[in-house]
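Q: Sending over a structure as C-alpha cells; questions will come in a sec.
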Amino acid sequence: MYDQIADTGGDRASQLFKAAERARRGGQTRRALALLVAARSTAGDNAPLRARAELRRGLLLLSDGPVADAHQTLLLAAESLGSHDVEGAEQALAAAAEAAWAAGDLTAYLQTLERPARRTADGTPPTGRPEGPAAAAAPWGAFRAGMRHVVLVDFARAAQELEPLLAAAARTQQPGALLYAGRAALVLGDITAARRLLGRALAAAGAQGVSEPTARILEFLAYAELRAGFHQQARAHAEEGLRAARRLGQRNIGAQHHALLALVFSLVGADSATEHHAKAALSVAQPHGLLQVSTMAEWARARADLGHGRAEQAAVRLAPLLRPGPRRGHFALWMLAVPCLVEATVLAGLDEDVTDMVDLYAEWATLGADPQATAQLTRLRALTAREEDCDTLYQRALAEHEAAGGQFEHARTLLSYGMWLRRRRRPLEARQQLRAALVGFERCGALLWEKRTRSELRAAGDSAADDDVSALGRLTPQQQRVAGLVASGATNREVAARLSLSPRTVDHHLRNIFSQLGVRSRVELALLMNGDRTERSGGSGGENA
C-alpha cells in the first residue's frame with residue numbers, strides 16, 4: 001500500500017492518511033500508526049493535515065498503546081488544531097483526559113480538563129457552557145465542566161454542570177452524546193439512569209452502523225450493571241465488548257473488559273476464570289500504563305479471596321492499593337474498594353488499625369456520589385464498633401439498604417450481621433439474617449457468596465439450609481426480616497418498632513408471608529425459619545396473623 005502511494009505525487013500525505021484510516025478500521029493498529037507517521041512527515045506545509053494525523057495517532061495509542069504517550073500526543077494535536085479546528089481540538093483534549101484517567105494521573109487529568117480548546121481574540125479562554133441542544137452536539141464541554149468538580153470533590157456543583165448534558169440526552173440519538181450522559185449519571189451515583197442511557201447509546205450505535213464506540217459503550221454499561229448488582233448482565237456485555245475490542249484492535253479497551261470480567265467471576269467462584277481474566281488484563285495494563293485496569297484486576301483477586309474466606313490474603317492484596325505509596329491504585333477506585341479492605345482486615349483479626357479508612361469512607365459517603373455508600377459505611381462502623389453498639393448499627397445499615405437498593409451489598413450486610421450473631425451464640429437470629437443473605441446472593445448470581453453463606457448457615461445449626469431456603473427464597477428481604485423477628489417471638493408491634501414500620505404494614509407483610517410459605521400460624525413459621533424439618537400438623541394452635 002505504501003509503495004503504491006509513493007508514486008501519487010503531491011497528494012501523497014493525504015493518501016497515506018486515508019490508507020491509515022482503512023488500516024485502523026480493519027483493526028491493524030501497528031500498520032495504521034506507521035502510515036500516520038509517514039503522512040505527518042510528508043505533509044510539508046499542510047499544517048491541518050499534520051494536526052489531523054497527530055490526532056488520529058493519539059487516538060490509536062489511547063486504544064492500543066502506552067497511554068502516557070497517547071496523552072502527550074493528543075495535547076500536541078490539540079495545540080495544533082486549536083487555531084483552525086476547534087471541534088478537532090476538543091476531541092483531542094477529551095481523548096487526552098481519557099488517557100490521563102486511564103493512567104491514574106490525577107494532576108494531568110485535572111490540568112487537561114482546565115485547558116481550553118481555543119482562545120478568543122484577546123487571548124483569554126472562552127466562557128460559558130453548552131445549553132439545550134448544544135449540550136448534545138458538543139457533549140465534551142459539559143462533561144469536562146462537570147468532571148472538573150467531581151475531581152475537586154464538589155458533587156453538588158458537578159451535578160449542576162452536568163445537568164444540561166443529561167437533559168439534552170432525552171432528545172438525542174447520538175451515541176457519543178448518550179455515552180457522555182451515561183457516564184455523567186454514573187459518576188453522580190444514578191446507576192439506574194446510567195444503565196438506561198448507556199443502553200440507548202448501544203442501541204443507537206447499532207442502528208446507525210457505528211462500530212467504533214461500541215466496545216467503549218459496553219465497557220461503561222457492564223460497569224454500571226456491576227455496580228447495580230446485575231452480575232450476569234455485566235458479564236454478557238463485557239464479553240460482547242471484549243469481542244468488539246478485538247475486532248477493532250483496541251487492546252486497551254479489551255483489557256478493561258478483561259478486568260470487568262475478572263470482577264464478575266470473582267463473585268461466582270470461578271477461580272480459574274477470575275485468574276485468567278486478571279492476567280489477561282494485566283498483560284496489557286502493565287506495559288501500557290493502565291493503572292485503572294491494573295487496580296480492577298487486583299481488586300477482583302482480592303474479592304475472590306474474601307468470598308472464599310481468605311480474609312488475610314485479601315487484606316494483604318488490597319492494602320497497598322488503598323494506602324499511600326508506590327503501589328497505590330487508581331484514584332477512582334479507592335473508595336469503592338475500602339469496604340472490602342476493612343472487612344478483610346477485621347475478619348482476619350489483624351492488628352492494623354482501619355479507623356482512618358472508615359473515617360475516609362465516611363467523608364466519601366457524605367458527598368452523595370454513591371447511593372449505597374451510607375449503608376456500607378454503617379456496616380463498616382458495625383464491623384469496627386464496640387460490642388454493645390454492633391447490633392444497633394447492623395439494624396440501621398439494613399434499613400439504609402432498603403432505601404438505597406443494590407442487592408449484592410445488601411446481602412453482604414446481612415451476611416456480616418449473621419456471622420456476628422453466630423459468633424455471639426445467637427443462632428436463631430443468625431439463621432434469620434443468613435437466610436435473607438442467601439436469597440439476596442441467589443438473586444444477583446453471586447454464587448461464591450452463596451456458597452460462603454450456606455457454610456455459615458450450617459455452622460449456625462441449619463442442617464436444612466439447602467432445602468428450606470428455596471421456600472424462603474420467595475420472600476423479599478423485608479419479608480425475610482419480618483418473618484425472622486416473628487419466628488423469634490416478637491409481636492407485630494415489636495416488629496414494627498424494630499424495623500421502623502407501622503403495625504398495619506407488618507400485619508400486611510405477615511399475611512403475605514403465611515400465604516407464600518404455606519403456613520397458618522406463628523408456630524409453623526418458627527419451625528420453618530428455625531430449620532425444623534418435622535412434618536407440620538394441620539392443627540397448630542398458635543396465634544394467627
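Here's how to read the names in the C-alpha cells: chain A, B, ... by the order shown, residue numbers from 1 in each chain, ligand numbers from 1 in the order shown.
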With a cut-off of 12 Å, could you pull out the residues of region 54-113 of chain A touching region 13-33 of chain A and give me the nearest pair of atoms for each, distance in Å to one decimal, using only C-alpha atoms, ordered by chain and ascending number, as JSON lines?

A:
```
{"residue": "A:Glu54", "atom": "CA", "partner": "A:Leu33", "partner_atom": "CA", "distance": 9.9}
{"residue": "A:Leu55", "atom": "CA", "partner": "A:Leu33", "partner_atom": "CA", "distance": 11.3}
{"residue": "A:Arg56", "atom": "CA", "partner": "A:Glu21", "partner_atom": "CA", "distance": 8.6}
{"residue": "A:Arg57", "atom": "CA", "partner": "A:Leu33", "partner_atom": "CA", "distance": 6.1}
{"residue": "A:Gly58", "atom": "CA", "partner": "A:Leu33", "partner_atom": "CA", "distance": 9.3}
{"residue": "A:Leu59", "atom": "CA", "partner": "A:Leu33", "partner_atom": "CA", "distance": 10.1}
{"residue": "A:Leu60", "atom": "CA", "partner": "A:Thr29", "partner_atom": "CA", "distance": 6.9}
{"residue": "A:Leu61", "atom": "CA", "partner": "A:Leu33", "partner_atom": "CA", "distance": 8.4}
{"residue": "A:Leu62", "atom": "CA", "partner": "A:Thr29", "partner_atom": "CA", "distance": 11.0}
{"residue": "A:Ser63", "atom": "CA", "partner": "A:Thr29", "partner_atom": "CA", "distance": 9.1}
{"residue": "A:Asp64", "atom": "CA", "partner": "A:Thr29", "partner_atom": "CA", "distance": 7.3}
{"residue": "A:Gly65", "atom": "CA", "partner": "A:Thr29", "partner_atom": "CA", "distance": 9.2}
{"residue": "A:Ala70", "atom": "CA", "partner": "A:Leu33", "partner_atom": "CA", "distance": 11.9}
```

Q: Please identify all polymer residues within 7 Å of Ala297 (chain A), counting only C-alpha atoms, omitting same-chain residues fewer than 4 positions from it, and present them as a compact mmCIF listing (two decimals) with N, CA, C and O atoms, in the first residue's frame.

A:
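Okay, part_5.txt is ready:
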```txt
# COMPACT_ATOMS: atom_id res chain seq x y z
N ALA A 259 -10.72 -6.95 32.85
CA ALA A 259 -10.77 -6.60 34.28
C ALA A 259 -12.19 -6.66 34.81
O ALA A 259 -12.44 -7.13 35.93
N ALA A 262 -13.07 -10.22 35.27
CA ALA A 262 -12.42 -10.75 36.48
C ALA A 262 -13.25 -10.40 37.71
O ALA A 262 -13.43 -11.23 38.62
N ALA A 278 -7.91 -11.72 34.97
CA ALA A 278 -6.99 -10.79 35.66
C ALA A 278 -5.64 -10.77 34.97
O ALA A 278 -5.05 -9.70 34.74
N ALA A 281 -5.87 -9.00 31.61
CA ALA A 281 -5.94 -7.55 31.80
C ALA A 281 -4.56 -6.98 32.13
O ALA A 281 -4.13 -5.97 31.55
N VAL A 293 -7.05 -0.30 35.00
CA VAL A 293 -7.22 -1.72 34.70
C VAL A 293 -6.47 -2.58 35.71
O VAL A 293 -6.99 -3.58 36.22
N ARG A 301 -9.09 -10.09 42.30
CA ARG A 301 -8.41 -11.18 43.02
C ARG A 301 -8.70 -11.11 44.51
O ARG A 301 -8.93 -12.13 45.17
```

Q: Tell me which protein, DNA and RNA residues are within 8 Å of Leu162 (chain A), counting only C-alpha atoms, leaving out same-chain ones fewer than 5 positions away, and put them as a list in words.

A: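 Contacts, in chain order: Ala142, Phe143, Ala145, Gly146 and Ala184 of chain A.
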
Q: Which residues come within 8 Å of region 175-180 of chain A, counting only C-alpha atoms, excluding same-chain residues fewer than 5 positions away, as a ChimeraX atom specification?

A: /A:136-140,143,165,169,197-198,200-202,204-205,213,217

Q: Could you save those same residues with N, CA, C and O atoms as a PDB file, in the first residue's frame?

A:
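The resulting file, again-v1.pdb, is reproduced below:
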```
ATOM      1  N   ALA A 136     -25.900  18.354  23.584  1.00  0.00           N
ATOM      2  CA  ALA A 136     -25.847  17.068  22.885  1.00  0.00           C
ATOM      3  C   ALA A 136     -24.907  17.137  21.694  1.00  0.00           C
ATOM      4  O   ALA A 136     -24.241  16.163  21.360  1.00  0.00           O
ATOM      5  N   ALA A 137     -24.860  18.307  21.040  1.00  0.00           N
ATOM      6  CA  ALA A 137     -23.986  18.450  19.878  1.00  0.00           C
ATOM      7  C   ALA A 137     -22.521  18.485  20.283  1.00  0.00           C
ATOM      8  O   ALA A 137     -21.648  18.038  19.542  1.00  0.00           O
ATOM      9  N   ALA A 138     -22.222  19.039  21.456  1.00  0.00           N
ATOM     10  CA  ALA A 138     -20.833  19.123  21.939  1.00  0.00           C
ATOM     11  C   ALA A 138     -20.776  18.626  23.375  1.00  0.00           C
ATOM     12  O   ALA A 138     -20.582  19.403  24.313  1.00  0.00           O
ATOM     13  N   PRO A 139     -20.962  17.323  23.597  1.00  0.00           N
ATOM     14  CA  PRO A 139     -21.096  16.802  24.966  1.00  0.00           C
ATOM     15  C   PRO A 139     -19.840  16.937  25.796  1.00  0.00           C
ATOM     16  O   PRO A 139     -19.904  16.980  27.024  1.00  0.00           O
ATOM     17  N   TRP A 140     -18.673  17.003  25.145  1.00  0.00           N
ATOM     18  CA  TRP A 140     -17.439  17.053  25.915  1.00  0.00           C
ATOM     19  C   TRP A 140     -17.369  18.292  26.798  1.00  0.00           C
ATOM     20  O   TRP A 140     -16.886  18.250  27.918  1.00  0.00           O
ATOM     21  N   PHE A 143     -19.408  17.738  29.905  1.00  0.00           N
ATOM     22  CA  PHE A 143     -18.802  16.654  30.676  1.00  0.00           C
ATOM     23  C   PHE A 143     -17.521  17.137  31.347  1.00  0.00           C
ATOM     24  O   PHE A 143     -17.261  16.821  32.509  1.00  0.00           O
ATOM     25  N   LEU A 165     -26.233  18.364  29.960  1.00  0.00           N
ATOM     26  CA  LEU A 165     -25.909  17.168  29.190  1.00  0.00           C
ATOM     27  C   LEU A 165     -26.950  16.083  29.417  1.00  0.00           C
ATOM     28  O   LEU A 165     -27.416  15.434  28.464  1.00  0.00           O
ATOM     29  N   ALA A 169     -29.774  14.688  26.652  1.00  0.00           N
ATOM     30  CA  ALA A 169     -29.742  13.276  26.270  1.00  0.00           C
ATOM     31  C   ALA A 169     -31.134  12.724  25.989  1.00  0.00           C
ATOM     32  O   ALA A 169     -31.285  11.771  25.226  1.00  0.00           O
ATOM     33  N   LEU A 197     -29.307   5.170  29.883  1.00  0.00           N
ATOM     34  CA  LEU A 197     -28.655   5.997  28.875  1.00  0.00           C
ATOM     35  C   LEU A 197     -27.624   5.211  28.073  1.00  0.00           C
ATOM     36  O   LEU A 197     -27.518   5.361  26.849  1.00  0.00           O
ATOM     37  N   LEU A 198     -26.866   4.375  28.757  1.00  0.00           N
ATOM     38  CA  LEU A 198     -25.849   3.583  28.062  1.00  0.00           C
ATOM     39  C   LEU A 198     -26.498   2.516  27.186  1.00  0.00           C
ATOM     40  O   LEU A 198     -25.978   2.191  26.113  1.00  0.00           O
ATOM     41  N   ARG A 200     -29.320   2.979  25.650  1.00  0.00           N
ATOM     42  CA  ARG A 200     -29.743   3.741  24.478  1.00  0.00           C
ATOM     43  C   ARG A 200     -28.561   4.029  23.564  1.00  0.00           C
ATOM     44  O   ARG A 200     -28.694   3.997  22.328  1.00  0.00           O
ATOM     45  N   ALA A 201     -27.414   4.344  24.138  1.00  0.00           N
ATOM     46  CA  ALA A 201     -26.219   4.612  23.325  1.00  0.00           C
ATOM     47  C   ALA A 201     -25.843   3.386  22.505  1.00  0.00           C
ATOM     48  O   ALA A 201     -25.492   3.492  21.317  1.00  0.00           O
ATOM     49  N   LEU A 202     -25.928   2.211  23.132  1.00  0.00           N
ATOM     50  CA  LEU A 202     -25.598   0.969  22.429  1.00  0.00           C
ATOM     51  C   LEU A 202     -26.586   0.721  21.293  1.00  0.00           C
ATOM     52  O   LEU A 202     -26.178   0.351  20.171  1.00  0.00           O
ATOM     53  N   ALA A 204     -28.401   2.966  19.714  1.00  0.00           N
ATOM     54  CA  ALA A 204     -28.225   3.989  18.678  1.00  0.00           C
ATOM     55  C   ALA A 204     -27.019   3.677  17.806  1.00  0.00           C
ATOM     56  O   ALA A 204     -27.067   3.833  16.577  1.00  0.00           O
ATOM     57  N   ALA A 205     -25.925   3.224  18.428  1.00  0.00           N
ATOM     58  CA  ALA A 205     -24.738   2.875  17.659  1.00  0.00           C
ATOM     59  C   ALA A 205     -25.038   1.720  16.709  1.00  0.00           C
ATOM     60  O   ALA A 205     -24.606   1.726  15.547  1.00  0.00           O
ATOM     61  N   PRO A 213     -17.369   3.129  18.628  1.00  0.00           N
ATOM     62  CA  PRO A 213     -17.555   3.332  20.073  1.00  0.00           C
ATOM     63  C   PRO A 213     -18.215   2.168  20.799  1.00  0.00           C
ATOM     64  O   PRO A 213     -18.417   2.242  22.015  1.00  0.00           O
ATOM     65  N   ILE A 217     -18.819   1.839  24.858  1.00  0.00           N
ATOM     66  CA  ILE A 217     -20.163   1.904  25.446  1.00  0.00           C
ATOM     67  C   ILE A 217     -20.417   0.667  26.305  1.00  0.00           C
ATOM     68  O   ILE A 217     -20.916   0.753  27.438  1.00  0.00           O
TER      69      ILE A 217
END
```

Q: With a distance cut-off of 12 Å and only C-alpha atoms, select the neighbouring residues of Val506 (chain A), excluding the residue or stretch itself and same-chain residues fewer than 4 positions from it, and output the selection as a PyMOL selection string.

A: chain A and resi 478-483+485-486+490-502+510-513+545

Q: Identify all residues of region 213-422 of chain A in helix (DSSP H, G or I) (DSSP on the backbone) and supply them as an MDAnalysis selection string.

A: chainID A and resid 214:228 231:247 251:268 271:288 291:307 311:322 334:347 355:365 373:384 387:404 407:422

Q: Identify, on the basis of only C-alpha atoms, every residue whose closest approach to Glu225 (chain A) does not exceed 8 Å; exclude the query and any residue fewer than 6 positions from it along the same chain; express the result as a ChimeraX atom specification.

A: /A:191,195,231,233-234

Q: Using only C-alpha atoms for the distances, tell me which of A:Arg379, A:Trp364, A:Val86, A:Ala108 is nearest to Thr392 (chain A).

A: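 Answer, going by the shortest atom-to-atom distance: A:Arg379.
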
Q: Show which residues sit within 8 Å of Ala193 (chain A), as a ChimeraX atom specification. Count only C-alpha atoms, and ignore same-chain residues fewer than 5 positions away.

A: /A:182,185-186

Q: Store the residues picked out above, limited to C-alpha atoms, as a CSV table (one decimal), in the first residue's frame.

A:
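The result, written out as part-v4.csv:
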```
chain,number,residue,atom,x,y,z
A,182,GLY,CA,-24.5,7.8,30.8
A,185,ALA,CA,-25.1,9.7,35.6
A,186,LEU,CA,-22.6,7.0,36.7
```

Q: Choose the residue, out of A:Gln160, A:Gln111, A:Thr192, A:Ser272, that has the smallest atom-to-atom separation from Leu221 (chain A); count only C-alpha atoms.

A: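 Counting only C-alpha atoms, the residue closest to Leu221 (chain A) is A:Thr192.
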
Q: My list of candidates is A:Ser416, A:Gln372, A:Thr274, A:Thr476. Which is closest to Cys390 (chain A) when distances are computed with only C-alpha atoms?

A: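 Among the listed residues, the smallest separation from Cys390 (chain A) belongs to A:Ser416.
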
Q: Counting only C-alpha atoms, figure out which residue out of A:Leu383, A:Gln250, A:Thr378, A:Ala315 gets nearest to Ala397 (chain A).

A: A:Thr378
